[in-house]
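Trainee: So that you have it, the file is final-v1.txt, and it contains compact mmCIF, C-alpha atoms and all ligand atoms:
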# COMPACT_ATOMS: atom_id res chain seq x y z
CA MET A 24 3.86 12.86 -56.17
CA ILE A 25 3.92 9.46 -54.46
CA LYS A 26 6.26 6.85 -55.90
CA ALA A 27 4.47 3.50 -56.04
CA LYS A 28 6.20 0.69 -54.16
CA LYS A 29 6.35 -2.54 -56.09
CA SER A 30 7.04 -4.55 -52.95
CA LEU A 31 3.66 -3.49 -51.56
CA GLY A 32 1.84 -4.18 -54.82
CA GLN A 33 0.92 -0.54 -55.25
CA ASN A 34 -1.22 0.00 -58.33
CA PHE A 35 -3.54 2.89 -57.66
CA LEU A 36 -7.00 3.04 -59.16
CA ILE A 37 -7.25 6.10 -61.39
CA ASP A 38 -10.34 5.41 -63.52
CA GLN A 39 -13.23 7.47 -62.15
CA ASN A 40 -15.90 5.33 -63.84
CA ILE A 41 -14.63 2.24 -62.09
CA ILE A 42 -14.28 4.06 -58.79
CA HIS A 43 -17.92 5.22 -59.07
CA LYS A 44 -19.00 1.74 -59.99
CA ILE A 45 -17.31 0.29 -56.89
CA VAL A 46 -18.86 2.89 -54.61
CA ASN A 47 -22.33 2.15 -55.95
CA ILE A 48 -22.32 -1.63 -55.54
CA VAL A 49 -23.88 -1.54 -52.09
CA GLU A 50 -25.32 1.24 -49.93
CA VAL A 51 -22.68 3.35 -48.13
CA LYS A 52 -24.79 5.97 -46.36
CA ASN A 53 -24.74 5.44 -42.58
CA LYS A 54 -22.84 2.16 -42.97
CA ASN A 55 -19.59 1.32 -41.24
CA ILE A 56 -16.77 0.97 -43.70
CA LEU A 57 -13.43 -0.77 -43.63
CA GLU A 58 -10.99 -0.12 -46.45
CA ILE A 59 -7.93 -2.30 -46.77
CA GLY A 60 -4.92 -0.69 -48.43
CA PRO A 61 -6.49 2.70 -49.26
CA GLY A 62 -3.25 3.81 -50.91
CA THR A 63 -3.47 7.44 -51.96
CA GLY A 64 -7.17 7.50 -51.11
CA ASN A 65 -8.79 7.59 -54.56
CA LEU A 66 -11.56 5.22 -53.55
CA THR A 67 -11.61 6.51 -49.96
CA LYS A 68 -12.54 9.99 -51.17
CA GLU A 69 -15.56 8.76 -53.14
CA ILE A 70 -16.77 6.49 -50.35
CA LEU A 71 -16.61 9.41 -47.89
CA LYS A 72 -18.77 11.53 -50.21
CA LYS A 73 -21.56 8.99 -49.68
CA LYS A 74 -21.61 9.79 -45.96
CA PRO A 75 -20.81 6.55 -44.18
CA ASN A 76 -21.21 6.38 -40.41
CA LYS A 77 -17.65 5.34 -39.53
CA PHE A 78 -14.64 4.80 -41.77
CA LEU A 79 -11.82 2.54 -40.72
CA ALA A 80 -8.75 1.80 -42.84
CA ILE A 81 -5.80 -0.57 -42.63
CA GLU A 82 -2.68 0.55 -44.51
CA LYS A 83 0.79 -0.93 -44.13
CA ASP A 84 2.81 1.80 -45.80
CA ASP A 85 3.88 4.52 -43.30
CA VAL A 86 4.34 7.11 -46.04
CA LEU A 87 0.80 6.58 -47.29
CA VAL A 88 -0.61 6.62 -43.76
CA LYS A 89 0.90 10.10 -43.27
CA LEU A 90 -0.54 11.27 -46.59
CA LEU A 91 -3.99 9.83 -45.80
CA LYS A 92 -4.02 11.57 -42.42
CA GLU A 93 -3.22 14.90 -44.06
CA LYS A 94 -5.91 14.35 -46.68
CA PHE A 95 -8.76 13.05 -44.58
CA HIS A 96 -7.97 14.21 -41.01
CA SER A 97 -10.31 12.67 -38.48
CA ASN A 98 -12.83 11.51 -41.11
CA ILE A 99 -11.08 8.17 -41.19
CA LYS A 100 -9.39 6.09 -38.51
CA ILE A 101 -6.25 4.46 -39.84
CA ILE A 102 -4.60 1.36 -38.48
CA ASN A 103 -0.98 1.37 -39.66
CA GLU A 104 -0.54 -2.40 -39.84
CA ASP A 105 -0.18 -5.40 -42.11
CA VAL A 106 -3.76 -6.56 -42.70
CA LEU A 107 -2.66 -10.18 -42.35
CA LYS A 108 -1.65 -9.49 -38.74
CA VAL A 109 -4.91 -7.85 -37.73
CA ASP A 110 -7.59 -9.81 -35.88
CA GLU A 111 -10.60 -9.00 -38.04
CA ASN A 112 -13.07 -10.29 -35.48
CA CYS A 113 -11.99 -7.54 -33.06
CA LEU A 114 -11.90 -4.59 -35.45
CA SER A 115 -15.22 -3.07 -34.57
CA ASP A 116 -18.36 -3.78 -32.58
CA LYS A 117 -20.32 -2.68 -35.66
CA ILE A 118 -20.81 -4.81 -38.73
CA LEU A 119 -18.59 -3.62 -41.60
CA ASN A 120 -18.74 -3.21 -45.37
CA VAL A 121 -15.26 -3.99 -46.60
CA TYR A 122 -13.46 -2.61 -49.67
CA GLY A 123 -10.07 -3.79 -50.79
CA ASN A 124 -7.90 -3.28 -53.80
CA LEU A 125 -4.96 -5.14 -52.37
CA PRO A 126 -1.86 -6.73 -53.83
CA TYR A 127 -3.06 -9.86 -55.58
CA ASN A 128 -1.21 -12.43 -53.49
CA ILE A 129 -2.61 -10.84 -50.34
CA SER A 130 -6.21 -10.78 -51.62
CA THR A 131 -6.27 -14.57 -51.78
CA GLU A 132 -4.46 -15.09 -48.51
CA ILE A 133 -6.69 -12.66 -46.65
CA LEU A 134 -9.87 -14.14 -48.14
CA ILE A 135 -8.89 -17.64 -46.96
CA LYS A 136 -7.87 -16.34 -43.55
CA TRP A 137 -11.16 -14.49 -43.11
CA ILE A 138 -13.20 -17.51 -44.19
CA MET A 139 -11.34 -19.86 -41.88
CA ASN A 140 -11.76 -17.49 -38.95
CA MET A 141 -15.43 -16.72 -39.57
CA ASN A 142 -17.26 -17.07 -36.34
CA LYS A 143 -20.23 -19.43 -36.43
CA LYS A 144 -22.57 -16.92 -34.80
CA LYS A 145 -21.33 -13.35 -34.92
CA ILE A 146 -20.05 -12.29 -38.32
CA TRP A 147 -18.02 -9.12 -38.58
CA PHE A 148 -18.91 -8.08 -42.14
CA ASN A 149 -21.97 -7.56 -44.32
CA TYR A 150 -20.14 -7.36 -47.62
CA LEU A 151 -16.63 -7.83 -48.95
CA ILE A 152 -15.85 -6.01 -52.18
CA LEU A 153 -12.45 -7.23 -53.27
CA MET A 154 -10.22 -7.02 -56.32
CA PHE A 155 -8.46 -10.12 -57.63
CA GLN A 156 -6.21 -11.07 -60.47
CA LYS A 157 -8.69 -12.21 -63.14
CA GLU A 158 -7.45 -15.81 -63.18
CA VAL A 159 -7.87 -16.10 -59.42
CA ALA A 160 -11.38 -14.62 -59.56
CA ASP A 161 -12.23 -17.15 -62.29
CA ARG A 162 -11.24 -19.90 -59.88
CA ILE A 163 -13.28 -18.47 -57.04
CA VAL A 164 -16.51 -18.25 -59.08
CA SER A 165 -16.09 -21.45 -61.10
CA GLU A 166 -18.29 -24.55 -60.99
CA TYR A 167 -17.53 -28.22 -60.70
CA ASN A 168 -16.60 -30.14 -63.84
CA THR A 169 -14.64 -27.14 -65.08
CA LYS A 170 -10.90 -26.65 -65.18
CA ASN A 171 -10.88 -23.71 -62.78
CA TYR A 172 -12.73 -25.59 -60.04
CA GLY A 173 -10.56 -26.33 -57.02
CA ARG A 174 -9.72 -25.74 -53.38
CA LEU A 175 -10.24 -21.99 -53.55
CA THR A 176 -13.68 -22.44 -55.17
CA ILE A 177 -14.81 -24.87 -52.50
CA LEU A 178 -13.47 -22.94 -49.51
CA ALA A 179 -14.92 -19.64 -50.73
CA ASN A 180 -18.33 -21.07 -51.60
CA TRP A 181 -18.57 -22.86 -48.28
CA ARG A 182 -19.24 -19.68 -46.27
CA LEU A 183 -19.85 -16.99 -48.90
CA LYS A 184 -22.32 -16.00 -51.57
CA ILE A 185 -20.21 -14.73 -54.43
CA LYS A 186 -21.04 -12.39 -57.28
CA LYS A 187 -18.77 -11.27 -60.05
CA ILE A 188 -19.17 -7.53 -60.54
CA CYS A 189 -16.90 -6.96 -63.55
CA ASP A 190 -13.50 -7.39 -65.11
CA ILE A 191 -11.29 -4.35 -64.82
CA SER A 192 -8.71 -3.45 -67.43
CA SER A 193 -5.12 -2.88 -66.36
CA SER A 194 -5.30 0.63 -67.80
CA CYS A 195 -7.57 1.66 -64.90
CA PHE A 196 -4.52 1.56 -62.60
CA LEU A 197 -1.34 3.56 -62.20
CA PRO A 198 1.24 2.17 -62.59
CA LYS A 199 -0.41 -0.19 -65.03
CA PRO A 200 -0.11 -3.80 -63.80
CA LYS A 201 0.78 -6.65 -66.17
CA ILE A 202 -2.45 -8.50 -65.44
CA GLU A 203 -6.18 -7.95 -65.74
CA SER A 204 -8.35 -7.72 -62.64
CA THR A 205 -11.81 -8.77 -61.54
CA LEU A 206 -13.97 -7.30 -58.83
CA LEU A 207 -15.96 -9.71 -56.67
CA LEU A 208 -18.71 -9.13 -54.12
CA PHE A 209 -19.07 -11.55 -51.19
CA GLU A 210 -21.80 -11.93 -48.59
CA PRO A 211 -21.89 -14.35 -45.68
CA LYS A 212 -24.15 -17.35 -46.27
CA ILE A 213 -26.85 -17.77 -43.66
CA ASP A 214 -26.99 -21.53 -44.17
CA PHE A 215 -23.74 -23.41 -44.40
CA VAL A 216 -22.47 -26.87 -43.46
CA LYS A 217 -20.96 -26.81 -39.99
CA PHE A 218 -17.72 -28.65 -39.25
CA ILE A 219 -15.98 -29.46 -36.00
CA ASP A 220 -12.92 -27.74 -37.42
CA PRO A 221 -12.91 -25.94 -40.81
CA LYS A 222 -9.24 -26.92 -41.16
CA ASN A 223 -10.55 -30.38 -42.05
CA LEU A 224 -12.22 -28.96 -45.16
CA GLU A 225 -8.87 -27.42 -46.07
CA LYS A 226 -7.17 -30.75 -45.52
CA ILE A 227 -9.68 -32.75 -47.56
CA THR A 228 -9.60 -30.33 -50.50
CA ARG A 229 -5.80 -30.03 -50.36
CA THR A 230 -5.39 -33.82 -50.45
CA PHE A 231 -7.93 -34.34 -53.23
CA PHE A 232 -6.57 -31.57 -55.44
CA MET A 233 -2.91 -32.48 -54.94
CA HIS A 234 -2.98 -34.16 -58.36
CA ARG A 235 -5.93 -32.69 -60.19
CA ARG A 236 -5.66 -34.84 -63.28
CA LYS A 237 -5.49 -38.13 -61.42
CA MET A 238 -8.29 -40.33 -60.13
CA ILE A 239 -9.58 -39.67 -56.61
CA LYS A 240 -8.83 -43.24 -55.56
CA LYS A 241 -5.45 -42.43 -54.05
CA PRO A 242 -6.40 -39.37 -51.99
CA PHE A 243 -9.58 -41.13 -50.89
CA GLN A 244 -7.60 -44.11 -49.63
CA GLU A 245 -5.06 -41.88 -47.98
CA LEU A 246 -7.76 -40.08 -46.00
CA PHE A 247 -10.18 -42.93 -45.38
CA LYS A 248 -7.76 -45.86 -45.44
CA CYS A 249 -9.15 -48.69 -47.54
CA ASN A 250 -12.77 -48.05 -46.75
CA LYS A 251 -14.35 -49.32 -49.98
CA ASN A 252 -17.82 -49.54 -48.42
CA LEU A 253 -17.67 -45.88 -47.57
CA ALA A 254 -17.09 -44.93 -51.21
CA LEU A 255 -20.05 -47.09 -52.14
CA GLU A 256 -22.21 -45.66 -49.36
CA MET A 257 -21.39 -42.14 -50.52
CA GLY A 258 -22.01 -43.01 -54.16
CA LEU A 259 -18.44 -42.11 -55.05
CA ASP A 260 -16.87 -43.50 -58.16
CA LEU A 261 -13.17 -43.59 -57.29
CA LYS A 262 -12.27 -43.26 -60.95
CA MET A 263 -13.54 -39.67 -60.99
CA ARG A 264 -11.16 -36.70 -60.95
CA PRO A 265 -11.23 -34.14 -58.13
CA GLN A 266 -13.01 -31.54 -60.26
CA ASN A 267 -15.95 -33.93 -60.82
CA LEU A 268 -17.12 -33.71 -57.20
CA ASP A 269 -19.52 -30.91 -56.33
CA PHE A 270 -19.46 -28.74 -53.19
CA ASP A 271 -21.82 -30.97 -51.23
CA THR A 272 -19.67 -34.02 -51.87
CA TYR A 273 -16.62 -32.24 -50.42
CA PHE A 274 -18.67 -31.08 -47.45
CA ASN A 275 -19.97 -34.63 -46.88
CA LEU A 276 -16.47 -36.05 -47.18
CA THR A 277 -15.28 -33.60 -44.54
CA LYS A 278 -18.16 -34.50 -42.21
CA LYS A 279 -17.41 -38.18 -42.68
CA TYR A 280 -13.72 -37.60 -42.04
CA GLU A 281 -14.58 -35.79 -38.81
CA SER A 282 -17.03 -38.45 -37.64
CA LEU A 283 -14.57 -41.28 -38.28
CA ARG A 284 -11.90 -39.52 -36.29
CA GLY A 285 -14.35 -39.16 -33.42
N1 LIG B 1 -6.85 0.93 -52.83
C1 LIG B 1 -5.94 1.87 -53.45
C2 LIG B 1 -4.49 1.37 -53.45
C3 LIG B 1 -4.26 0.06 -54.14
S1 LIG B 1 -2.58 -0.43 -54.10
C4 LIG B 1 -6.40 2.19 -54.84
O1 LIG B 1 -7.22 1.44 -55.37
O2 LIG B 1 -5.96 3.17 -55.43
C5 LIG B 1 -2.52 -1.58 -52.77
C6 LIG B 1 -2.51 -0.91 -51.41
O3 LIG B 1 -2.41 -1.92 -50.40
C7 LIG B 1 -1.31 0.00 -51.18
O4 LIG B 1 -1.75 1.15 -50.55
C8 LIG B 1 -0.38 -0.81 -50.28
O5 LIG B 1 0.47 -0.01 -49.50
C9 LIG B 1 -1.38 -1.56 -49.45
N2 LIG B 1 -0.87 -2.79 -48.86
C10 LIG B 1 -0.05 -3.70 -49.44
N3 LIG B 1 0.16 -4.76 -48.63
C11 LIG B 1 -0.57 -4.51 -47.50
C12 LIG B 1 -0.76 -5.25 -46.29
N4 LIG B 1 -0.18 -6.42 -46.08
N5 LIG B 1 -1.58 -4.72 -45.34
C13 LIG B 1 -2.18 -3.52 -45.56
N6 LIG B 1 -2.03 -2.79 -46.67
C14 LIG B 1 -1.23 -3.28 -47.64
Translate the structure of the given file into structure tokens.
Ligand code: SAH
Mentor:
Amino acid sequence: MIKAKKSLGQNFLIDQNIIHKIVNIVEVKNKNILEIGPGTGNLTKEILKKKPNKFLAIEKDDVLVKLLKEKFHSNIKIINEDVLKVDENCLSDKILNVYGNLPYNISTEILIKWIMNMNKKKIWFNYLILMFQKEVADRIVSEYNTKNYGRLTILANWRLKIKKICDISSSCFLPKPKIESTLLLFEPKIDFVKFIDPKNLEKITRTFFMHRRKMIKKPFQELFKCNKNLALEMGLDLKMRPQNLDFDTYFNLTKKYESLRG
């Protein structure tokens, strides 16, 4: 019996209905799979039954890596590493379908990292199927003019098509976590607004959402100095709050910011 490590956010999926649901979201047969944090291999086992072409896994816990090797032998290739330290663009020359039931803080961090590092031409994944804390998932899939809309929504929707698959009750995991979860499916967008440096989108959204209840006048002036004409030209009412601006407005603001800085 494996003792779950709290420090590594180990809550293993034990509900077979949910596991089957996850495995059936997109085609597995002959696809190349990456699983992040396979744990004791509950999901791994079901994915392998669907006959993927190659199966790659990244697991940080040495004890679990040993167990996974004993269980699955050469059917999976395991990288014993912290996923945050892995260069995802160099994982495989084949395009991957990615599954991850990771610790919740890491899910968000890894999603942002992957988005920021997404190559403009060659994209390393077809699908990401990732588990989030429900509240975080609500932010990712929210729309403007709602309270959940923010930086995470804008960054995620910039490069990804996002679909909520379902909420998952805490009783589907062992040990049972204190929070509810949500499973999201992501696909790369073919068309997206191109920036000189995506970090500028991060900067713009960070500055605007610093005080989400306040008017956008202050962050706007901070980023664009006192350029009143620019606000007018962009049709921006500086009395609005950050959540009142849609995706395109944030993308346009970023483009403007980049063009003004030459
Ligand atoms: N996917 C499995 C296990 C979920 S628990 C299941 O659904 O049953 C989370 C898993 O992520 C654990 O196996 C844990 O060891 C692993 N993990 C935690 N932090 C990690 C990191 N930074 N990099 C890679 N794996 C990590």
Trainee: Between A:Ser30, A:Asn40, A:Thr176, A:Asn124, which has the minimum distance to Ile81 of chain A (counting all atoms listed in the file)?
Mentor: A:Asn124
Trainee: Once you count all atoms listed in the file, which residues end up within 10 Å of ligand LIG 1 (chain B), and could you hand them over as a ChimeraX atom specification?
Mentor: /A:27-38,42,58-67,80-88,102-109,122-130,132-133,153-154,195-198
Trainee: Record the distance separating atom CA of Phe231 of chain A and atom CA of Tyr273 of chain A, expressed in Å with one decimal.
Mentor: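 Atom CA of Phe231 of chain A sits 9.4 Å away from atom CA of Tyr273 of chain A.
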Trainee: Enter the distance from atom CA of Ser97 of chain A to atom CA of Leu79 of chain A, in Å, rounded to one decimal.
Mentor: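 Separation between atom CA of Ser97 of chain A and atom CA of Leu79 of chain A: 10.5 Å.
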Trainee: Please provide the set of residues having any atom within 12 Å of Cys189 of chain A, restricted to all atoms listed in the file, with same-chain residues fewer than 3 positions apart removed, written as number ranges by chain.
Mentor: A: 41, 44-45, 48, 152-157, 160-161, 186, 192, 203-208
Trainee: Taking (-17.1, -9.5, -47.8) in the coordinates of the supplied file, I want to know which residues reach to within 7 Å of it, counting only C-alpha atoms; could you give the answer as an mmCIF file with C-alpha atoms, in the frame of the given file?
Mentor:
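And here's result_31.cif as it stands now:
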data_model
loop_
_atom_site.group_PDB
_atom_site.id
_atom_site.type_symbol
_atom_site.label_atom_id
_atom_site.label_comp_id
_atom_site.auth_asym_id
_atom_site.auth_seq_id
_atom_site.Cartn_x
_atom_site.Cartn_y
_atom_site.Cartn_z
ATOM 1 C CA ASN A 120 -18.740 -3.210 -45.370
ATOM 2 C CA VAL A 121 -15.260 -3.990 -46.600
ATOM 3 C CA PHE A 148 -18.910 -8.080 -42.140
ATOM 4 C CA ASN A 149 -21.970 -7.560 -44.320
ATOM 5 C CA TYR A 150 -20.140 -7.360 -47.620
ATOM 6 C CA LEU A 151 -16.630 -7.830 -48.950
ATOM 7 C CA ILE A 152 -15.850 -6.010 -52.180
ATOM 8 C CA LEU A 208 -18.710 -9.130 -54.120
ATOM 9 C CA PHE A 209 -19.070 -11.550 -51.190
ATOM 10 C CA GLU A 210 -21.800 -11.930 -48.590
#
Trainee: Expressed in Å to a single decimal, how great is the separation between atom CA of Asp116 of chain A and atom CA of Trp147 of chain A?
Mentor: 8.0 Å
Trainee: Could you check which of A:Met257, A:Asn252, A:Lys241, A:Asn168 is closest to Asp269 of chain A, using all atoms listed in the file?
Mentor: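 Using all atoms listed in the file, the shortest distance to Asp269 of chain A belongs to A:Asn168.
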Trainee: Near Arg284 of chain A, counting all atoms listed in the file, which residues have an atom at most 12 Å away, once you skip same-chain residues fewer than 5 positions from it, shown as a ChimeraX atom specification?
Mentor: /A:219-220,223,246-248,277-279
Trainee: So which one's closest to Arg235 of chain A, A:Cys249, A:Gln266, A:Phe215, A:Asn98? Using only C-alpha atoms, please.
Mentor: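 For Arg235 of chain A, the nearest of the candidates is A:Gln266.
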